[in-house]
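Taking it in order: structure first as structure tokens, then the write-up.
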Amino acid sequence: MKISYKWLSQYIDIDLSPEELQTRMTFAGLEVEGVEKLGEDLNQYIVAEIKKCKTHPGSDHLSICQVNNGSDTKQVICGAPNCAAGQKVAFAPVGVSISDFKIKKVKLRGEESFGMICSEKELGISDNHDGILVLPDDAPIGEKLGTYLQQDDIAFEVEITPNRPDLLGIFGVARDVAAVLNVPLIIPEISIKETGESIAKHLALQNDASELCTRYTARMIKGVTIKESPAWLKQRLISVGLRPINNIVDITNFVMTEFGHPLHAFDHKLIKDKTIIVRRAKKGEKFPALDEQTYTLEKDDLVIADAVKPIALAGIIGGENSHITKETKDIVIEAANFLYSSIRKTAGRLKISTDSSYRFERDIADETAELVSQRACQLILELAGGKLLEGKLDSYPNPVENRIVGLRPSRVKKLLTITVSDKQIINYLEPLGLKLSRRETDLLKFEIPPYRKDLVREIDLIEEIIRLHGYNSVESFLKPQKIMDKTTFYTSRKIKDILVNNGFSEVINWNFGDPSDLNKLNIPTDDERRNNAELKNPLGSSFSIMHSMLIPQLLKNALFNIHHGQKNLKLFEQTKVFTRHNEKLATEKIHLSALITGNLHPVYWKEDQYPADFYDIKGIVEEILNALDISNPVFKVSSEKFYQPGLAVDVFLKERMVGSFGKIDSKIASKYDIEQPLFILDIKLQDIFELQKSVKPVFHDIPKFPPVLRDLSFVISKKYSYNEILNSIYSINKKLITKIELFDEYIGKNIKDGYRSLTFSLVFSSDTKTLTDDNINNILQKVIEKLKNDFNIEMR
Amino acid sequence: MKEEITRVLEAARSEIKKADSMHDLMQLKSRYIGKKSILNGLMQKLGTLSKEERPAFGKILNEAKVQISELLLQRDQEIKNLKYKKTLKKEALDLTMPSRKREIGTLHPITKVWQEIEDIFISMGFEVAEGPDIEDEFHNFDALNTPQDHPARDLSDTFYIEDDVLLRTQTSTVQVRVMENHKPPIKIISQGSCYRNENDASHSPMFHQVEALVVDEGVTFADLRDIMNIFVKKMFGEKIESRFRPHFFPFTEPSAEMDIICVKCLGRGCNLCKGSGWLELGGAGMVDPNVFSMLGIDSEKYTGYAFGLGIDRIAMLKYKIPDMRLLFENDIRFLKQFK
Ligand SMILES: [Zn+2]
């Protein structure tokens, strides 16, 4: 449902910005689904004055006007017959778009024109295109037209939940918002003057289906003048998306939007026998509706009929045979209520959805019929003239008595944990229209207004109290403690999972260390890992320090297992390492070490066995770095002394050494009595956690265009590294070359000593287009030239 | 002409029958009913016939064409079927041959239990706190209400680095550190290595504990019973009941030791529970007001509980590991059992 900001503000005694109002509505339970700025289109036009106006020398139906737009004067060629000097007009400067047409500087028969003077049709105000729109003399030059015409407004699209039919009118929404804000509600004054003649002389009412029509009222006004509605009324209707038609129809629509209860007006002359009969339709009965369709009715449909024919499909749509026309003089105002399920059934079957059926389907109150009837008559007398006949016809067989609902304040506290005094409870509920009718010990009895059918039980009242008190003013006790370091916690687990998924088994060793291991591993005497926390009372000399590295234990674990016949091993340990300088306690950091030895994969009859090597451990390291979201680690030849020279790498992140990997030097391995090759990774996890605070995958667009693959094969001297080659290729076009895969290295027959043949697969792709052969050949040619230049390659 | 058509038809029939590839069929199709086919040739000759003869021969010709098309189609289906059957034969396998296995590693059983405990408590709103292994006497003893002359402070039970720096003997040290740095409400668990200077069949000098601490307004002994109960049932199964026995710990008052029904005999009595039907799992209690006041927490406003459990023991019970030494031997044949 659309709600106009200006209209709503009329009923609330407070200045609220649209943003504030929107927030208030949201927290009152009215979900604002959309906000539309009205009058924006009109604000591109400017109120201007025609200073001079003379006939175009080349054309007698064109005028040359000098237009003052407030800041300067522009020449405009105008074709309207009614343009004249001194007029205030709506001026469209160059650059404005009217529908699809953009106003440009043009030359018309030799005279330049800088803009346009607009008609009502061009402005989209009406269908009038007889001439330009002439504004009143006091229109301020330079003001935006929308602002001047007071067309700027804001329309909120609001979702009304099915339990709140009282919010189907803007006044009802205002009542709720005012209650939430605790400010007075401005109630429109409604009074009607009846004159002389009784309605009974002119109209009879017969309700033959009171089970479907719970109330029917009719009033009659004689001698109205059907005409266009005044500007304010049209503006109100437009602001909620309704089309102005004529004053009578506009008023019924206005009142429906105001109070949420639809009405209908009939032309009295067209009611046969001057009798309104509310009845079920006859099976197969035809009904010509206002939407120019003829509907075939069933006997469960409810119609408003005269002596011979249906004149309205009750609560859904009026008849084409009885509606208000220019010639209408005497009108009948219907304000009624119908069984919501019946309306829903008929509207659903006939696939008609009107503003009226939308509301009647939501079980509105019988009571409000009288209110809207009076309101409509008041406005009609004001805007269309005529005389309201005395009395009304009213079929209301079972008047509803106001319900009484009791509320225990103690229950409020129990359920909501908020303390609200009795007085506060009353203050919350009375603005909603509830009246305190009785007060007992811990019990307040409220009379519920007819339009709040949703308030039936104590819990319904408690819900209203918390809604008005504010859901978010209920204190919450549990707060995040911020004790846990979630990133470290979950990243540590993730790394363990990666190793397990790669076939590694976790070991847990005592956290004691043997200082002689540091010597065996050639750890320099000034190395950080020599600053050990020493125990005063160790279990023995081989457990005399807290370990500062995990590799010695892994080597011992490997030996133990090799001794037990298990030669193919993948082990890791992730735990704290300890160092101690001059501090009182010690430095404790999470560390990861892993070891591979023996065959990489279990025996499989279809494949040859092959031993784990340097690239296997490198792959694990890269997988871990990748999981840590480290995209550009720097690898350098390792400075660790326990690796085989030339077969180990140190890993740097932000210029800090955060780990290493490589092959254990066979001399060292033999100190541990291990003869088979061992590959190790050693990572300072805690240091990485400190350097890399967040590890979050972020979505990247999935490529729209298919990648193109090209192979590149050449012979190159071994003195150039793979990395150098890679960088050289990427440097040609880092954007379009998205991936380079090495898929073969060949050394041997036909290849010179000191050279190797490499075959790459280059992946080209673009985010913006499908790459053509030309695009790719071009890049490929440049790549080849660059490689020849840099490395003197020989293409194969 | 009629004979000629019959002859062509016969020839086509026998050739189509012999065709055994799609390629053959395509060739036959073009030879017999294609644009330059024999039948099309005959069709041209229709013009030479008399007006009366033409319709009859036209009909025969067309019928022959339809017949050949059908034969082609039929043979096409047959060839496809043969091909399919050939594929089945070719792809047949000895389904009992060993499969290609990807080697998946394992987490250490202590880690598995450790993570399970963390997940159970995190799901109940706890956070995980950490503390150092190398501690001072204040956090390990003083703040935990353990007097100077308490036997637990004996040098022979505790590993010392310096006179007042030691390896923590329990994870309760983390309680103290959390309460020093955070105001209630506090709801944490902490796990880690602890150390005691003993090494025999039933004691390891390094072992693992989990410690929980809850401090808030209105925390009661019943909350402690509840959380222990829920934990035990989630960890060991719905059938496992728990009970509290009065005990003494310097930092809790009242203090209790917690037992669970023997996971092996379910209470009937066996060698694991030494016939009692119950197994000891750890200690618990309400935080002693002295501990609160030492850490500047208002013990009138706040109450709290704490408990500590041995992770290694839980792992042994859960996985029925008979000897504690297996946990730290790191025999791959042992480790690989905990998939
Ligand atoms: Zn037992």
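Quick note on naming: the chains in the structure tokens go A, B, ... in the order shown, residues restart at 1 in each chain, and ligands are numbered from 1 in order of appearance.
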
What residues in chain A have any atom no more than 9 Å from chain B when counting only C-alpha atoms, and can you write them as a ChimeraX atom specification?
-> /A:477-486,489,493,496-497,499-512,533-539,557,560-561,564,566,569-571,576,578,584-588,601-602,604-606

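Taking only C-alpha atoms and all ligand atoms into account, the residues that come within 9 Å of ligand 1 are B:Ile261, B:Cys262, B:Val263, B:Lys264, B:Cys265, B:Leu266, B:Gly267, B:Arg268, B:Gly269, B:Cys270, B:Asn271, B:Leu272, B:Cys273, B:Lys274, B:Gly275, B:Ser276, B:Gly277, B:Trp278, B:Leu279.
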
Mind checking which residues fall within 10 Å of Ala84 of chain A, counting only C-alpha atoms, ignoring those fewer than 3 positions away in the same chain, and posting them as JSON, numbers by chain?
-> {"A": [49, 50, 51, 52, 53, 54, 63, 65, 80, 81, 87, 88, 134]}

Write a file of the selected residues as an mmCIF file, in the first residue's frame, keeping all heavy atoms.
```
data_model
loop_
_atom_site.group_PDB
_atom_site.id
_atom_site.type_symbol
_atom_site.label_atom_id
_atom_site.label_comp_id
_atom_site.auth_asym_id
_atom_site.auth_seq_id
_atom_site.Cartn_x
_atom_site.Cartn_y
_atom_site.Cartn_z
ATOM 1 N N GLU A 49 9.935 33.703 -16.838
ATOM 2 C CA GLU A 49 9.054 34.771 -17.331
ATOM 3 C C GLU A 49 9.395 35.075 -18.795
ATOM 4 O O GLU A 49 10.576 35.164 -19.160
ATOM 5 C CB GLU A 49 9.235 36.036 -16.494
ATOM 6 C CG GLU A 49 8.244 37.134 -16.882
ATOM 7 C CD GLU A 49 8.512 38.458 -16.156
ATOM 8 O OE1 GLU A 49 9.647 38.675 -15.690
ATOM 9 O OE2 GLU A 49 7.579 39.255 -16.069
ATOM 10 N N ILE A 50 8.359 35.233 -19.623
ATOM 11 C CA ILE A 50 8.599 35.651 -21.005
ATOM 12 C C ILE A 50 8.735 37.173 -20.988
ATOM 13 O O ILE A 50 7.767 37.888 -20.705
ATOM 14 C CB ILE A 50 7.440 35.227 -21.927
ATOM 15 C CG1 ILE A 50 7.234 33.688 -21.852
ATOM 16 C CG2 ILE A 50 7.715 35.660 -23.377
ATOM 17 C CD1 ILE A 50 6.095 33.175 -22.703
ATOM 18 N N LYS A 51 9.988 37.651 -21.237
ATOM 19 C CA LYS A 51 10.226 39.094 -21.183
ATOM 20 C C LYS A 51 9.722 39.770 -22.464
ATOM 21 O O LYS A 51 9.052 40.806 -22.407
ATOM 22 C CB LYS A 51 11.732 39.389 -21.020
ATOM 23 C CG LYS A 51 12.356 38.762 -19.787
ATOM 24 C CD LYS A 51 12.005 39.498 -18.511
ATOM 25 C CE LYS A 51 12.925 40.688 -18.307
ATOM 26 N NZ LYS A 51 12.656 41.307 -16.981
ATOM 27 N N LYS A 52 10.121 39.150 -23.592
ATOM 28 C CA LYS A 52 9.696 39.725 -24.874
ATOM 29 C C LYS A 52 9.172 38.606 -25.732
ATOM 30 O O LYS A 52 9.601 37.451 -25.600
ATOM 31 C CB LYS A 52 10.889 40.361 -25.595
ATOM 32 C CG LYS A 52 11.345 41.672 -25.000
ATOM 33 C CD LYS A 52 12.488 42.208 -25.864
ATOM 34 C CE LYS A 52 13.372 43.148 -25.050
ATOM 35 N NZ LYS A 52 14.712 43.261 -25.617
ATOM 36 N N CYS A 53 8.255 38.928 -26.628
ATOM 37 C CA CYS A 53 7.725 37.899 -27.517
ATOM 38 C C CYS A 53 7.360 38.547 -28.844
ATOM 39 O O CYS A 53 6.545 39.474 -28.906
ATOM 40 C CB CYS A 53 6.471 37.282 -26.866
ATOM 41 S SG CYS A 53 5.729 35.978 -27.867
ATOM 42 N N LYS A 54 8.041 38.128 -29.929
ATOM 43 C CA LYS A 54 7.695 38.683 -31.234
ATOM 44 C C LYS A 54 7.547 37.540 -32.240
ATOM 45 O O LYS A 54 8.078 36.446 -32.036
ATOM 46 C CB LYS A 54 8.745 39.691 -31.690
ATOM 47 C CG LYS A 54 10.127 39.077 -31.890
ATOM 48 C CD LYS A 54 11.078 40.058 -32.550
ATOM 49 C CE LYS A 54 12.369 39.352 -32.885
ATOM 50 N NZ LYS A 54 13.408 40.161 -33.426
ATOM 51 N N SER A 63 6.883 31.997 -32.457
ATOM 52 C CA SER A 63 7.251 33.257 -31.823
ATOM 53 C C SER A 63 8.685 33.147 -31.331
ATOM 54 O O SER A 63 9.140 32.061 -30.958
ATOM 55 C CB SER A 63 6.355 33.544 -30.617
ATOM 56 O OG SER A 63 5.021 33.297 -30.945
ATOM 57 N N CYS A 65 10.835 34.191 -28.297
ATOM 58 C CA CYS A 65 10.644 34.701 -26.945
ATOM 59 C C CYS A 65 11.990 34.863 -26.260
ATOM 60 O O CYS A 65 12.888 34.045 -26.440
ATOM 61 C CB CYS A 65 9.796 33.731 -26.115
ATOM 62 S SG CYS A 65 8.207 33.380 -26.853
ATOM 63 N N ALA A 80 3.456 27.800 -29.549
ATOM 64 C CA ALA A 80 2.117 27.829 -28.952
ATOM 65 C C ALA A 80 1.384 29.108 -29.323
ATOM 66 O O ALA A 80 1.980 30.172 -29.370
ATOM 67 C CB ALA A 80 2.242 27.716 -27.432
ATOM 68 N N PRO A 81 0.070 29.008 -29.591
ATOM 69 C CA PRO A 81 -0.692 30.196 -29.977
ATOM 70 C C PRO A 81 -0.875 31.175 -28.821
ATOM 71 O O PRO A 81 -1.076 32.362 -29.040
ATOM 72 C CB PRO A 81 -2.032 29.621 -30.421
ATOM 73 C CG PRO A 81 -2.146 28.287 -29.753
ATOM 74 C CD PRO A 81 -0.745 27.771 -29.617
ATOM 75 N N GLN A 87 4.103 36.637 -19.414
ATOM 76 C CA GLN A 87 3.577 35.396 -18.828
ATOM 77 C C GLN A 87 4.633 34.700 -17.984
ATOM 78 O O GLN A 87 5.809 34.706 -18.308
ATOM 79 C CB GLN A 87 3.145 34.425 -19.946
ATOM 80 C CG GLN A 87 1.816 34.768 -20.571
ATOM 81 C CD GLN A 87 1.528 33.859 -21.760
ATOM 82 O OE1 GLN A 87 2.451 33.249 -22.323
ATOM 83 N NE2 GLN A 87 0.272 33.795 -22.146
ATOM 84 N N LYS A 88 4.153 34.034 -16.905
ATOM 85 C CA LYS A 88 5.009 33.115 -16.149
ATOM 86 C C LYS A 88 4.747 31.728 -16.716
ATOM 87 O O LYS A 88 3.589 31.313 -16.847
ATOM 88 C CB LYS A 88 4.655 33.145 -14.653
ATOM 89 C CG LYS A 88 4.895 34.507 -14.005
ATOM 90 C CD LYS A 88 6.380 34.716 -13.725
ATOM 91 C CE LYS A 88 6.684 36.081 -13.143
ATOM 92 N NZ LYS A 88 6.038 36.336 -11.845
ATOM 93 N N VAL A 134 0.253 28.438 -18.480
ATOM 94 C CA VAL A 134 0.516 29.778 -17.961
ATOM 95 C C VAL A 134 0.310 29.759 -16.462
ATOM 96 O O VAL A 134 -0.752 29.372 -15.976
ATOM 97 C CB VAL A 134 -0.398 30.819 -18.635
ATOM 98 C CG1 VAL A 134 -0.104 32.214 -18.069
ATOM 99 C CG2 VAL A 134 -0.196 30.793 -20.144
#
```

Apply DSSP to the structure's backbone, then extract all residues of segment 123-298 of chain B labelled alpha helix (DSSP H) and return them as a VMD selection string.
-> chain B and resid 123 137 to 140 172 to 181 221 to 236 289 to 294

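In this model, the gap between atom CA of Glu464 of chain A and atom CA of Ala155 of chain A comes to 26.2 Å.
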
Please identify which residues in segment 111-296 of chain B DSSP calls strand (DSSP E) from the backbone, and express them as a PyMOL selection string.
-> chain B and resi 127-129+134-136+160-162+165-167+186-195+206-216+242-247+252-261+278-287

What lies within 8 Å of Pro310 of chain A using only C-alpha atoms, ignoring chain neighbours under 5 positions off, as a tab-separated table (two decimals) with N, CA, C and O atoms, in the first residue's frame?
```tsv
chain	number	residue	atom	x	y	z
A	281	ALA	N	-25.94	-13.45	-6.03
A	281	ALA	CA	-26.19	-13.44	-7.47
A	281	ALA	C	-26.93	-14.71	-7.87
A	281	ALA	O	-26.89	-15.71	-7.15
A	287	PHE	N	-22.90	-9.57	-15.17
A	287	PHE	CA	-22.69	-8.27	-14.54
A	287	PHE	C	-21.67	-7.45	-15.34
A	287	PHE	O	-20.51	-7.83	-15.45
A	303	VAL	N	-24.06	-9.48	-4.63
A	303	VAL	CA	-24.20	-8.29	-5.47
A	303	VAL	C	-25.06	-7.24	-4.78
A	303	VAL	O	-25.85	-7.55	-3.89
A	304	ILE	N	-24.84	-6.00	-5.19
A	304	ILE	CA	-25.74	-4.91	-4.84
A	304	ILE	C	-26.60	-4.73	-6.09
A	304	ILE	O	-26.06	-4.57	-7.19
A	305	ALA	N	-27.90	-4.82	-5.93
A	305	ALA	CA	-28.77	-4.79	-7.10
A	305	ALA	C	-29.88	-3.76	-6.91
A	305	ALA	O	-30.12	-3.29	-5.80
A	319	GLY	N	-20.78	-1.12	-11.00
A	319	GLY	CA	-21.36	-1.51	-12.28
A	319	GLY	C	-21.22	-0.41	-13.30
A	319	GLY	O	-21.23	0.80	-12.99
```

Extract, using only C-alpha atoms, all DNA, RNA and protein residues at most 10 Å from Asp711 of chain A, discarding same-chain residues fewer than 3 positions from it, and format them as a VMD selection string.
-> chain A and resid 740 to 743 759 to 763 780

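Within 9 Å of Arg529 of chain A, once only C-alpha atoms are used and residues closer than 4 positions along the same chain are dropped, the contacting residues are Leu518, Ile523, Pro524, Thr525, His547, Ser548, Met549, Phe578 and Thr579 of chain A.
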